[in-house]
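Source file: structure.cif. Holds: mmCIF, C-alpha atoms and all ligand atoms; chains and numbers go by the auth columns.
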data_input
loop_
_atom_site.group_PDB
_atom_site.id
_atom_site.type_symbol
_atom_site.label_atom_id
_atom_site.label_comp_id
_atom_site.label_asym_id
_atom_site.label_seq_id
_atom_site.Cartn_x
_atom_site.Cartn_y
_atom_site.Cartn_z
_atom_site.B_iso_or_equiv
_atom_site.auth_seq_id
_atom_site.auth_asym_id
ATOM 1 C CA MET A 1 -40.206 -32.918 -36.542 0.00 588 A
ATOM 2 C CA VAL A 2 -37.417 -35.472 -36.258 0.00 589 A
ATOM 3 C CA GLY A 3 -34.212 -35.535 -34.243 0.00 590 A
ATOM 4 C CA GLU A 4 -33.369 -34.399 -30.755 0.00 591 A
ATOM 5 C CA GLU A 5 -36.185 -31.852 -30.592 0.00 592 A
ATOM 6 C CA ALA A 6 -38.760 -34.615 -30.898 0.00 593 A
ATOM 7 C CA LEU A 7 -37.436 -37.484 -28.812 0.00 594 A
ATOM 8 C CA GLU A 8 -40.425 -37.668 -26.494 0.00 595 A
ATOM 9 C CA TYR A 9 -43.267 -37.729 -29.034 0.00 596 A
ATOM 10 C CA GLY A 10 -41.398 -38.833 -32.143 0.00 597 A
ATOM 11 C CA GLY A 11 -41.402 -37.649 -35.718 0.00 598 A
ATOM 12 C CA HIS A 12 -42.316 -40.617 -37.907 0.00 599 A
ATOM 13 C CA THR A 13 -45.342 -40.360 -40.173 0.00 600 A
ATOM 14 C CA SER A 14 -48.431 -42.534 -39.764 0.00 601 A
ATOM 15 C CA CYS A 15 -48.045 -46.237 -39.087 0.00 602 A
ATOM 16 C CA VAL A 16 -49.881 -48.224 -36.396 0.00 603 A
ATOM 17 C CA GLU A 17 -49.424 -51.902 -35.631 0.00 604 A
ATOM 18 C CA VAL A 18 -52.330 -53.885 -34.164 0.00 605 A
ATOM 19 C CA ARG A 19 -51.997 -57.470 -32.959 0.00 606 A
ATOM 20 C CA VAL A 20 -54.926 -59.788 -32.424 0.00 607 A
ATOM 21 C CA ALA A 21 -54.416 -63.409 -31.428 0.00 608 A
ATOM 22 C CA GLY A 22 -50.840 -63.370 -32.624 0.00 609 A
ATOM 23 C CA ARG A 23 -51.723 -61.950 -36.050 0.00 610 A
ATOM 24 C CA VAL A 24 -50.175 -58.702 -37.246 0.00 611 A
ATOM 25 C CA MET A 25 -52.125 -55.895 -38.869 0.00 612 A
ATOM 26 C CA ILE A 26 -50.547 -52.614 -39.910 0.00 613 A
ATOM 27 C CA PHE A 27 -52.472 -49.431 -40.607 0.00 614 A
ATOM 28 C CA ASP A 28 -50.659 -47.117 -42.997 0.00 615 A
ATOM 29 C CA ALA A 29 -47.130 -47.292 -44.327 0.00 616 A
ATOM 30 C CA GLY A 30 -45.697 -43.936 -43.272 0.00 617 A
ATOM 31 C CA SER A 31 -42.058 -43.696 -42.260 0.00 618 A
ATOM 32 C CA GLY A 32 -42.852 -45.557 -39.032 0.00 619 A
ATOM 33 C CA ILE A 33 -43.177 -48.780 -41.033 0.00 620 A
ATOM 34 C CA ILE A 34 -39.422 -48.795 -41.678 0.00 621 A
ATOM 35 C CA PRO A 35 -38.299 -49.639 -38.102 0.00 622 A
ATOM 36 C CA LEU A 36 -41.444 -51.757 -37.670 0.00 623 A
ATOM 37 C CA GLY A 37 -40.483 -53.856 -40.711 0.00 624 A
ATOM 38 C CA LYS A 38 -37.027 -54.427 -39.322 0.00 625 A
ATOM 39 C CA SER A 39 -38.370 -55.629 -35.973 0.00 626 A
ATOM 40 C CA LEU A 40 -41.009 -57.862 -37.631 0.00 627 A
ATOM 41 C CA LEU A 41 -38.303 -59.456 -39.742 0.00 628 A
ATOM 42 C CA GLU A 42 -36.136 -60.064 -36.688 0.00 629 A
ATOM 43 C CA GLU A 43 -39.142 -61.620 -34.974 0.00 630 A
ATOM 44 C CA GLY A 44 -39.803 -63.813 -38.023 0.00 631 A
ATOM 45 C CA VAL A 45 -43.367 -62.532 -38.594 0.00 632 A
ATOM 46 C CA SER A 46 -44.302 -63.773 -42.058 0.00 633 A
ATOM 47 C CA ASP A 47 -48.025 -63.066 -42.354 0.00 634 A
ATOM 48 C CA ILE A 48 -49.094 -59.425 -42.429 0.00 635 A
ATOM 49 C CA ASP A 49 -52.244 -57.478 -43.331 0.00 636 A
ATOM 50 C CA LEU A 50 -51.517 -53.887 -44.338 0.00 637 A
ATOM 51 C CA PHE A 51 -54.417 -51.431 -44.545 0.00 638 A
ATOM 52 C CA PHE A 52 -54.134 -48.038 -46.209 0.00 639 A
ATOM 53 C CA THR A 53 -56.302 -45.183 -45.027 0.00 640 A
ATOM 54 C CA HIS A 54 -55.321 -43.471 -48.275 0.00 641 A
ATOM 55 C CA VAL A 55 -52.153 -42.880 -50.249 0.00 642 A
ATOM 56 C CA HIS A 56 -51.001 -39.363 -49.483 0.00 643 A
ATOM 57 C CA TYR A 57 -47.202 -39.428 -49.149 0.00 644 A
ATOM 58 C CA ASP A 58 -47.115 -39.365 -45.361 0.00 645 A
ATOM 59 C CA HIS A 59 -49.049 -42.675 -45.334 0.00 646 A
ATOM 60 C CA ILE A 60 -47.027 -44.596 -47.954 0.00 647 A
ATOM 61 C CA ILE A 61 -43.514 -43.175 -47.860 0.00 648 A
ATOM 62 C CA GLY A 62 -42.109 -46.081 -45.835 0.00 649 A
ATOM 63 C CA LEU A 63 -43.443 -48.894 -48.034 0.00 650 A
ATOM 64 C CA PRO A 64 -40.450 -49.099 -50.405 0.00 651 A
ATOM 65 C CA TYR A 65 -38.243 -49.608 -47.315 0.00 652 A
ATOM 66 C CA PHE A 66 -40.472 -52.173 -45.578 0.00 653 A
ATOM 67 C CA LEU A 67 -38.186 -55.189 -45.304 0.00 654 A
ATOM 68 C CA PRO A 68 -40.861 -57.940 -45.043 0.00 655 A
ATOM 69 C CA ALA A 69 -42.028 -56.980 -48.564 0.00 656 A
ATOM 70 C CA PHE A 70 -38.669 -58.212 -49.837 0.00 657 A
ATOM 71 C CA TRP A 71 -38.600 -61.470 -47.831 0.00 658 A
ATOM 72 C CA ASN A 72 -39.538 -64.495 -49.913 0.00 659 A
ATOM 73 C CA LYS A 73 -41.160 -66.254 -46.949 0.00 660 A
ATOM 74 C CA ALA A 74 -43.548 -63.392 -46.179 0.00 661 A
ATOM 75 C CA ARG A 75 -47.212 -63.134 -47.153 0.00 662 A
ATOM 76 C CA LEU A 76 -48.514 -59.604 -47.418 0.00 663 A
ATOM 77 C CA ARG A 77 -52.114 -58.635 -48.007 0.00 664 A
ATOM 78 C CA ILE A 78 -52.539 -54.982 -48.958 0.00 665 A
ATOM 79 C CA TRP A 79 -55.983 -53.506 -48.396 0.00 666 A
ATOM 80 C CA ALA A 80 -57.284 -50.200 -49.774 0.00 667 A
ATOM 81 C CA GLY A 81 -60.763 -48.823 -50.281 0.00 668 A
ATOM 82 C CA HIS A 82 -60.584 -45.078 -50.432 0.00 669 A
ATOM 83 C CA MET A 83 -60.133 -44.454 -54.158 0.00 670 A
ATOM 84 C CA GLN A 84 -63.124 -42.802 -55.713 0.00 671 A
ATOM 85 C CA ASP A 85 -61.911 -43.300 -59.282 0.00 672 A
ATOM 86 C CA GLY A 86 -61.915 -47.082 -58.965 0.00 673 A
ATOM 87 C CA SER A 87 -58.117 -47.493 -58.831 0.00 674 A
ATOM 88 C CA THR A 88 -57.168 -50.870 -57.414 0.00 675 A
ATOM 89 C CA PRO A 89 -54.731 -51.452 -54.514 0.00 676 A
ATOM 90 C CA GLU A 90 -52.336 -52.998 -57.020 0.00 677 A
ATOM 91 C CA GLN A 91 -52.394 -49.858 -59.163 0.00 678 A
ATOM 92 C CA LEU A 92 -51.715 -47.751 -56.082 0.00 679 A
ATOM 93 C CA VAL A 93 -48.677 -49.846 -55.117 0.00 680 A
ATOM 94 C CA ASP A 94 -47.531 -49.744 -58.732 0.00 681 A
ATOM 95 C CA GLY A 95 -47.537 -45.963 -58.462 0.00 682 A
ATOM 96 C CA ILE A 96 -45.389 -46.053 -55.326 0.00 683 A
ATOM 97 C CA PHE A 97 -42.687 -48.315 -56.793 0.00 684 A
ATOM 98 C CA ARG A 98 -42.095 -46.366 -59.936 0.00 685 A
ATOM 99 C CA PRO A 99 -39.040 -44.766 -61.562 0.00 686 A
ATOM 100 C CA PRO A 100 -37.995 -41.979 -61.350 0.00 687 A
ATOM 101 C CA TYR A 101 -39.449 -41.799 -57.807 0.00 688 A
ATOM 102 C CA PHE A 102 -38.003 -45.187 -56.893 0.00 689 A
ATOM 103 C CA PRO A 103 -35.470 -47.242 -58.866 0.00 690 A
ATOM 104 C CA ILE A 104 -37.335 -50.564 -58.866 0.00 691 A
ATOM 105 C CA THR A 105 -40.870 -51.635 -59.618 0.00 692 A
ATOM 106 C CA LYS A 106 -43.154 -53.579 -57.325 0.00 693 A
ATOM 107 C CA ASP A 107 -42.211 -56.806 -59.125 0.00 694 A
ATOM 108 C CA TYR A 108 -39.017 -56.810 -57.074 0.00 695 A
ATOM 109 C CA MET A 109 -40.974 -57.490 -53.917 0.00 696 A
ATOM 110 C CA ARG A 110 -40.242 -61.077 -52.927 0.00 697 A
ATOM 111 C CA ALA A 111 -43.139 -61.522 -50.527 0.00 698 A
ATOM 112 C CA GLU A 112 -46.305 -63.172 -51.794 0.00 699 A
ATOM 113 C CA VAL A 113 -48.495 -60.094 -52.169 0.00 700 A
ATOM 114 C CA GLU A 114 -52.251 -60.223 -52.379 0.00 701 A
ATOM 115 C CA TYR A 115 -54.270 -57.080 -53.133 0.00 702 A
ATOM 116 C CA CYS A 116 -57.632 -56.682 -51.419 0.00 703 A
ATOM 117 C CA GLN A 117 -60.016 -53.973 -52.542 0.00 704 A
ATOM 118 C CA PHE A 118 -63.075 -52.872 -50.635 0.00 705 A
ATOM 119 C CA LYS A 119 -65.518 -49.977 -50.450 0.00 706 A
ATOM 120 C CA PRO A 120 -65.829 -47.607 -47.484 0.00 707 A
ATOM 121 C CA GLY A 121 -68.692 -48.982 -45.399 0.00 708 A
ATOM 122 C CA ASP A 122 -67.668 -52.615 -45.958 0.00 709 A
ATOM 123 C CA VAL A 123 -66.969 -54.859 -42.984 0.00 710 A
ATOM 124 C CA LEU A 124 -63.712 -56.769 -43.383 0.00 711 A
ATOM 125 C CA GLU A 125 -62.801 -60.097 -41.799 0.00 712 A
ATOM 126 C CA PRO A 126 -59.150 -60.579 -42.712 0.00 713 A
ATOM 127 C CA PHE A 127 -58.875 -63.608 -40.397 0.00 714 A
ATOM 128 C CA ASP A 128 -60.851 -65.387 -37.655 0.00 715 A
ATOM 129 C CA GLY A 129 -61.413 -63.379 -34.515 0.00 716 A
ATOM 130 C CA VAL A 130 -61.297 -59.883 -35.953 0.00 717 A
ATOM 131 C CA ARG A 131 -63.934 -57.699 -37.575 0.00 718 A
ATOM 132 C CA ILE A 132 -63.030 -54.374 -39.145 0.00 719 A
ATOM 133 C CA VAL A 133 -65.744 -51.823 -39.839 0.00 720 A
ATOM 134 C CA THR A 134 -64.752 -49.228 -42.427 0.00 721 A
ATOM 135 C CA GLY A 135 -66.134 -45.808 -43.271 0.00 722 A
ATOM 136 C CA LYS A 136 -65.514 -42.850 -45.533 0.00 723 A
ATOM 137 C CA LEU A 137 -63.775 -39.869 -43.958 0.00 724 A
ATOM 138 C CA ASN A 138 -63.965 -36.237 -45.015 0.00 725 A
ATOM 139 C CA HIS A 139 -60.518 -35.736 -46.593 0.00 726 A
ATOM 140 C CA PRO A 140 -59.233 -34.487 -49.975 0.00 727 A
ATOM 141 C CA ASN A 141 -58.941 -37.451 -52.408 0.00 728 A
ATOM 142 C CA GLY A 142 -60.770 -39.624 -49.859 0.00 729 A
ATOM 143 C CA ALA A 143 -59.651 -41.589 -46.811 0.00 730 A
ATOM 144 C CA VAL A 144 -60.952 -44.584 -44.887 0.00 731 A
ATOM 145 C CA GLY A 145 -61.492 -44.844 -41.135 0.00 732 A
ATOM 146 C CA TYR A 146 -61.179 -48.226 -39.430 0.00 733 A
ATOM 147 C CA ARG A 147 -62.881 -49.701 -36.388 0.00 734 A
ATOM 148 C CA VAL A 148 -61.153 -52.907 -35.276 0.00 735 A
ATOM 149 C CA GLU A 149 -63.245 -55.227 -33.117 0.00 736 A
ATOM 150 C CA ALA A 150 -61.847 -58.345 -31.464 0.00 737 A
ATOM 151 C CA ASP A 151 -63.235 -60.297 -28.513 0.00 738 A
ATOM 152 C CA GLY A 152 -65.373 -57.300 -27.503 0.00 739 A
ATOM 153 C CA ALA A 153 -62.461 -54.844 -27.482 0.00 740 A
ATOM 154 C CA VAL A 154 -62.582 -51.923 -29.913 0.00 741 A
ATOM 155 C CA PHE A 155 -59.827 -49.779 -31.397 0.00 742 A
ATOM 156 C CA ALA A 156 -60.683 -46.969 -33.838 0.00 743 A
ATOM 157 C CA TYR A 157 -58.110 -45.528 -36.225 0.00 744 A
ATOM 158 C CA LEU A 158 -59.461 -42.246 -37.552 0.00 745 A
ATOM 159 C CA THR A 159 -56.800 -40.135 -39.115 0.00 746 A
ATOM 160 C CA ASP A 160 -56.911 -37.687 -41.969 0.00 747 A
ATOM 161 C CA PHE A 161 -60.362 -36.288 -41.572 0.00 748 A
ATOM 162 C CA GLU A 162 -61.720 -32.811 -41.099 0.00 749 A
ATOM 163 C CA HIS A 163 -64.753 -32.334 -38.885 0.00 750 A
ATOM 164 C CA ASP A 164 -67.662 -31.143 -41.024 0.00 751 A
ATOM 165 C CA GLY A 165 -70.698 -31.156 -38.756 0.00 752 A
ATOM 166 C CA ALA A 166 -72.337 -33.437 -41.308 0.00 753 A
ATOM 167 C CA ASP A 167 -71.866 -36.869 -42.907 0.00 754 A
ATOM 168 C CA GLY A 168 -68.137 -37.019 -42.155 0.00 755 A
ATOM 169 C CA ASP A 169 -68.692 -36.496 -38.442 0.00 756 A
ATOM 170 C CA ALA A 170 -71.476 -39.083 -38.484 0.00 757 A
ATOM 171 C CA GLU A 171 -69.010 -41.647 -39.838 0.00 758 A
ATOM 172 C CA VAL A 172 -66.433 -40.733 -37.179 0.00 759 A
ATOM 173 C CA LEU A 173 -69.090 -41.151 -34.494 0.00 760 A
ATOM 174 C CA ARG A 174 -70.205 -44.500 -35.931 0.00 761 A
ATOM 175 C CA LEU A 175 -66.677 -45.876 -36.097 0.00 762 A
ATOM 176 C CA ALA A 176 -65.634 -44.530 -32.689 0.00 763 A
ATOM 177 C CA ARG A 177 -68.772 -45.540 -30.784 0.00 764 A
ATOM 178 C CA ASP A 178 -67.818 -46.853 -27.294 0.00 765 A
ATOM 179 C CA ALA A 179 -64.254 -47.595 -28.431 0.00 766 A
ATOM 180 C CA ASP A 180 -61.763 -48.589 -25.749 0.00 767 A
ATOM 181 C CA LEU A 181 -59.072 -46.672 -27.601 0.00 768 A
ATOM 182 C CA ALA A 182 -59.113 -44.328 -30.582 0.00 769 A
ATOM 183 C CA LEU A 183 -56.505 -42.336 -32.461 0.00 770 A
ATOM 184 C CA LEU A 184 -57.832 -39.233 -34.190 0.00 771 A
ATOM 185 C CA ASP A 185 -56.550 -36.540 -36.490 0.00 772 A
ATOM 186 C CA ALA A 186 -55.586 -33.554 -34.343 0.00 773 A
ATOM 187 C CA THR A 187 -53.137 -31.946 -36.734 0.00 774 A
ATOM 188 C CA TYR A 188 -54.000 -28.357 -35.850 0.00 775 A
ATOM 189 C CA THR A 189 -54.567 -26.496 -32.631 0.00 776 A
ATOM 190 C CA PRO A 190 -57.886 -24.651 -32.356 0.00 777 A
ATOM 191 C CA GLU A 191 -55.937 -21.393 -32.827 0.00 778 A
ATOM 192 C CA GLU A 192 -54.239 -22.590 -36.035 0.00 779 A
ATOM 193 C CA TYR A 193 -57.289 -24.168 -37.610 0.00 780 A
ATOM 194 C CA PRO A 194 -58.862 -21.052 -39.224 0.00 781 A
ATOM 195 C CA ARG A 195 -55.810 -20.835 -41.510 0.00 782 A
ATOM 196 C CA TYR A 196 -56.255 -24.434 -42.672 0.00 783 A
ATOM 197 C CA VAL A 197 -59.966 -24.846 -43.303 0.00 784 A
ATOM 198 C CA ASN A 198 -60.589 -27.470 -46.023 0.00 785 A
ATOM 199 C CA PHE A 199 -57.061 -28.907 -45.739 0.00 786 A
ATOM 200 C CA GLY A 200 -58.636 -32.128 -44.481 0.00 787 A
ATOM 201 C CA HIS A 201 -57.454 -32.198 -40.880 0.00 788 A
ATOM 202 C CA SER A 202 -59.007 -31.612 -37.496 0.00 789 A
ATOM 203 C CA THR A 203 -58.213 -30.210 -34.050 0.00 790 A
ATOM 204 C CA TRP A 204 -58.110 -31.644 -30.552 0.00 791 A
ATOM 205 C CA ASP A 205 -61.161 -29.735 -29.415 0.00 792 A
ATOM 206 C CA HIS A 206 -63.325 -31.037 -32.248 0.00 793 A
ATOM 207 C CA CYS A 207 -61.949 -34.561 -31.729 0.00 794 A
ATOM 208 C CA GLY A 208 -62.662 -34.252 -28.018 0.00 795 A
ATOM 209 C CA ALA A 209 -66.260 -33.263 -28.668 0.00 796 A
ATOM 210 C CA LEU A 210 -66.693 -36.176 -31.095 0.00 797 A
ATOM 211 C CA CYS A 211 -65.106 -38.662 -28.675 0.00 798 A
ATOM 212 C CA ALA A 212 -67.275 -37.435 -25.804 0.00 799 A
ATOM 213 C CA GLU A 213 -70.380 -37.883 -27.934 0.00 800 A
ATOM 214 C CA ALA A 214 -69.236 -41.323 -29.101 0.00 801 A
ATOM 215 C CA GLY A 215 -68.401 -42.505 -25.573 0.00 802 A
ATOM 216 C CA VAL A 216 -64.751 -43.250 -26.389 0.00 803 A
ATOM 217 C CA LYS A 217 -62.924 -44.374 -23.255 0.00 804 A
ATOM 218 C CA LYS A 218 -59.440 -43.175 -24.146 0.00 805 A
ATOM 219 C CA TRP A 219 -58.246 -41.307 -27.200 0.00 806 A
ATOM 220 C CA GLY A 220 -55.000 -40.029 -28.630 0.00 807 A
ATOM 221 C CA LEU A 221 -54.219 -36.925 -30.660 0.00 808 A
ATOM 222 C CA PHE A 222 -52.623 -38.290 -33.799 0.00 809 A
ATOM 223 C CA HIS A 223 -51.194 -37.030 -37.108 0.00 810 A
ATOM 224 C CA HIS A 224 -49.036 -34.338 -35.569 0.00 811 A
ATOM 225 C CA MET A 225 -48.240 -31.298 -37.635 0.00 812 A
ATOM 226 C CA HIS A 226 -44.759 -31.944 -38.966 0.00 813 A
ATOM 227 C CA MET A 227 -43.044 -28.922 -37.380 0.00 814 A
ATOM 228 C CA ARG A 228 -43.989 -29.680 -33.775 0.00 815 A
ATOM 229 C CA ASN A 229 -41.242 -30.288 -31.238 0.00 816 A
ATOM 230 C CA ASP A 230 -41.560 -31.860 -27.789 0.00 817 A
ATOM 231 C CA ILE A 231 -42.230 -28.505 -26.120 0.00 818 A
ATOM 232 C CA ASP A 232 -45.115 -27.763 -28.503 0.00 819 A
ATOM 233 C CA GLN A 233 -46.569 -31.227 -27.996 0.00 820 A
ATOM 234 C CA ALA A 234 -46.414 -31.010 -24.217 0.00 821 A
ATOM 235 C CA GLU A 235 -48.305 -27.698 -24.332 0.00 822 A
ATOM 236 C CA ILE A 236 -50.950 -29.179 -26.601 0.00 823 A
ATOM 237 C CA GLU A 237 -51.275 -32.233 -24.367 0.00 824 A
ATOM 238 C CA LYS A 238 -51.759 -30.039 -21.304 0.00 825 A
ATOM 239 C CA ALA A 239 -54.489 -28.001 -22.988 0.00 826 A
ATOM 240 C CA ALA A 240 -56.237 -31.090 -24.387 0.00 827 A
ATOM 241 C CA ARG A 241 -56.117 -32.996 -21.096 0.00 828 A
ATOM 242 C CA THR A 242 -57.502 -30.042 -19.177 0.00 829 A
ATOM 243 C CA ALA A 243 -60.608 -30.141 -21.346 0.00 830 A
ATOM 244 C CA TYR A 244 -60.621 -33.918 -21.951 0.00 831 A
ATOM 245 C CA PRO A 245 -58.800 -35.882 -19.210 0.00 832 A
ATOM 246 C CA ASN A 246 -59.156 -39.131 -21.193 0.00 833 A
ATOM 247 C CA SER A 247 -57.029 -37.726 -24.041 0.00 834 A
ATOM 248 C CA PHE A 248 -53.281 -37.848 -24.637 0.00 835 A
ATOM 249 C CA VAL A 249 -50.838 -36.926 -27.391 0.00 836 A
ATOM 250 C CA ALA A 250 -49.824 -40.133 -29.182 0.00 837 A
ATOM 251 C CA ARG A 251 -46.126 -40.972 -28.905 0.00 838 A
ATOM 252 C CA GLN A 252 -43.921 -42.956 -31.192 0.00 839 A
ATOM 253 C CA ASP A 253 -43.592 -46.598 -30.019 0.00 840 A
ATOM 254 C CA GLN A 254 -46.399 -46.161 -27.506 0.00 841 A
ATOM 255 C CA ARG A 255 -48.157 -49.448 -26.698 0.00 842 A
ATOM 256 C CA PHE A 256 -51.580 -50.312 -25.347 0.00 843 A
ATOM 257 C CA GLU A 257 -53.175 -53.575 -24.359 0.00 844 A
ATOM 258 C CA LEU A 258 -56.930 -53.820 -24.673 0.00 845 A
ATOM 259 C CA GLN A 259 -58.771 -56.366 -22.600 0.00 846 A
ATOM 260 C CA GLY A 260 -61.249 -58.558 -24.459 0.00 847 A
ATOM 261 C CA ARG A 261 -64.382 -60.069 -22.947 0.00 848 A
ATOM 262 C CA SER A 262 -62.678 -63.402 -22.389 0.00 849 A
ATOM 263 C CA GLY A 263 -59.996 -61.593 -20.372 0.00 850 A
ATOM 264 C CA LYS A 264 -57.271 -62.044 -22.984 0.00 851 A
HETATM 265 ZN ZN ZN B . -54.024 -37.212 -46.187 0.00 1 B
HETATM 266 ZN ZN ZN B . -51.782 -37.650 -43.536 0.00 2 B
#

Since I need it in another form, could you write the structure as structure tokens?
Ligand SMILES: [Zn+2]
Ligand SMILES: [Zn+2]
Amino acid sequence: MVGEEALEYGGHTSCVEVRVAGRVMIFDAGSGIIPLGKSLLEEGVSDIDLFFTHVHYDHIIGLPYFLPAFWNKARLRIWAGHMQDGSTPEQLVDGIFRPPYFPITKDYMRAEVEYCQFKPGDVLEPFDGVRIVTGKLNHPNGAVGYRVEADGAVFAYLTDFEHDGADGDAEVLRLARDADLALLDATYTPEEYPRYVNFGHSTWDHCGALCAEAGVKKWGLFHHMHMRNDIDQAEIEKAARTAYPNSFVARQDQRFELQGRSGK
């Protein structure tokens, strides 16, 4: 939901910025990357790592409007690892910038773009001081979960998965283990879920059980169903927090600072 009915929680699709030691990482290029790109450009940030969980529309729709991609001083590394058919990150981006869906091709991007492919399960070290553990999530067409570790602090980004009581849950538990902060797919309420089995999304009660088992310190319900307004979200937050006091409903522009071992 966008507009005045969703001012408190926001209506952009998935995009999360993570900063470590002054470096900028972005997870997913949903519509939230559009205002983020504008503010990064104003700040003069020229070096960016962008990680896709997967390329369903809600996670890529903002990329053609991401201003740093069109800035000739920017360096952009685009990471993807979810494709089971072997498609490369460059092929994925090629598919996004393609007439008739978009008037220009990716060759119009003026940033220096590097494409970085990996496999779910790989550990990525995009720059000194950060380690990113990846894993395969249970989602149609595949999706990757990320565990970002820096100076002892851990953030887990686990969207677009459906709990399965099997290998998928094991990966969620592995990636979320003892995280300081995690964002998880809680698209559906427990009451709605029976209508959406096998759609690839989870519920706050299943996420809560997984986070409790994984020892997550604080976790946010993420990937809101698109028709929710602020009243719906507040009700969901109340129910979730009653069962899991360390949970919250993620809000647009919400910020967190995680303390590393060295106190930074
Ligand atoms: Zn998806
Ligand atoms: Zn999605």

Please give me, as a PyMOL selection string, the residues lying within 8 Å of ligand ZN 1 (chain B) when counting only C-alpha atoms and all ligand atoms.
chain A and resi 641-646+726-728+730+747-748+787

Tell me, as a JSON list (two decimals) with C-alpha atoms, in the frame of the given file, which residues lie within 10 Å of stretch 828-836 of chain A, counting all atoms listed in the file; anything in the same chain fewer than 5 positions away does not count.
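Output file result-v4.json follows:
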[["chain", "number", "residue", "atom", "x", "y", "z"],
["A", 596, "TYR", "CA", -43.27, -37.73, -29.03],
["A", 768, "LEU", "CA", -59.07, -46.67, -27.60],
["A", 769, "ALA", "CA", -59.11, -44.33, -30.58],
["A", 770, "LEU", "CA", -56.50, -42.34, -32.46],
["A", 773, "ALA", "CA", -55.59, -33.55, -34.34],
["A", 791, "TRP", "CA", -58.11, -31.64, -30.55],
["A", 792, "ASP", "CA", -61.16, -29.74, -29.42],
["A", 794, "CYS", "CA", -61.95, -34.56, -31.73],
["A", 795, "GLY", "CA", -62.66, -34.25, -28.02],
["A", 796, "ALA", "CA", -66.26, -33.26, -28.67],
["A", 798, "CYS", "CA", -65.11, -38.66, -28.68],
["A", 799, "ALA", "CA", -67.28, -37.44, -25.80],
["A", 803, "VAL", "CA", -64.75, -43.25, -26.39],
["A", 804, "LYS", "CA", -62.92, -44.37, -23.26],
["A", 805, "LYS", "CA", -59.44, -43.18, -24.15],
["A", 806, "TRP", "CA", -58.25, -41.31, -27.20],
["A", 807, "GLY", "CA", -55.00, -40.03, -28.63],
["A", 808, "LEU", "CA", -54.22, -36.92, -30.66],
["A", 809, "PHE", "CA", -52.62, -38.29, -33.80],
["A", 810, "HIS", "CA", -51.19, -37.03, -37.11],
["A", 811, "HIS", "CA", -49.04, -34.34, -35.57],
["A", 820, "GLN", "CA", -46.57, -31.23, -28.00],
["A", 821, "ALA", "CA", -46.41, -31.01, -24.22],
["A", 822, "GLU", "CA", -48.30, -27.70, -24.33],
["A", 823, "ILE", "CA", -50.95, -29.18, -26.60]]

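Across the structure, atom CA of A:Tyr783 and atom CA of A:Asp751 are spaced 13.3 Å apart.
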
Please evaluate the PyMOL selection byres (((chain A and resi 696-709) around 9) and not hetatm) against the displayed coordinates and give the resulting residues as JSON, numbers by chain.
{"A": [633, 655, 656, 657, 658, 659, 660, 661, 662, 663, 664, 665, 666, 667, 668, 669, 670, 675, 676, 677, 692, 693, 694, 695, 710, 711, 719, 720, 721, 722, 723, 724, 730, 731, 732]}

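Considering only C-alpha atoms, the residue among A:Ile691, A:Leu797, A:Arg734, A:Ala766 positioned nearest to A:Ala753 is A:Leu797.
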
Could you list as a PyMOL selection string every residue that has an atom within 6 Å of (-65.6, -46.7, -36.2), using the file's coordinates and counting all atoms listed in the file?
chain A and resi 733-734+743+761-763

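Of the listed residues A:Tyr688, A:Phe786, A:Phe653, A:Phe638, the one whose atoms come nearest to ligand ZN 2 (chain B) is A:Phe786, with distances taken using all atoms listed in the file.
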
Extract, using all atoms listed in the file, all DNA, RNA and protein residues at most 8 Å from A:Gly624, discarding same-chain residues fewer than 3 positions from it, and format them as number ranges by chain.
A: 620-621, 627-628, 653-655

Given the file shown, enumerate the residues that the PyMOL selection byres (((chain A and resi 737) around 8) and not hetatm) captures and present them as number ranges by chain.
A: 607, 716-718, 735-736, 738-741, 847

Provide the atom CA of A:Gly802 to atom CA of A:Asp765 distance in Å, to one decimal place.
4.7 Å

Distance query 6 Å from (-52.5, -45.7, -41.1) using all atoms listed in the file, result as a ChimeraX atom specification:
/A:601-603,614-615,639-640

With all atoms listed in the file as the atoms that count, which of A:Pro686, A:Thr600, A:Leu623, A:Gly729 lies nearest to A:Thr774?
A:Thr600

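Between atom CA of A:Phe843 and atom CA of A:Glu604 the separation is 10.6 Å.
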
Using all atoms listed in the file, the shortest atom-to-atom distance to A:Ala826 among A:Asp636, A:His599, A:Arg685, A:Glu778 belongs to A:Glu778

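For the choices A:Gly755, A:Pro687, A:Pro781, A:Gly617, the atom-to-atom distance to ligand ZN 2 (chain B) is smallest for A:Gly617 when using all atoms listed in the file.
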
Give, as lines of an AutoDock Vina configuration file, the centre coordinates and the x, y and z edge lengths in Å to one decimal for an axis-aligned box around all listed atoms of stretch 598-614 of chain A, padded by 3 Å on each side.
center_x = -48.2
center_y = -50.5
center_z = -36.0
size_x = 19.5
size_y = 31.8
size_z = 15.2

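Restricting the calculation to all atoms listed in the file, the smallest distance between ligand ZN 2 (chain B) and any of A:Gln678, A:Thr776, A:Ser618, A:Asn816 is found for A:Ser618.
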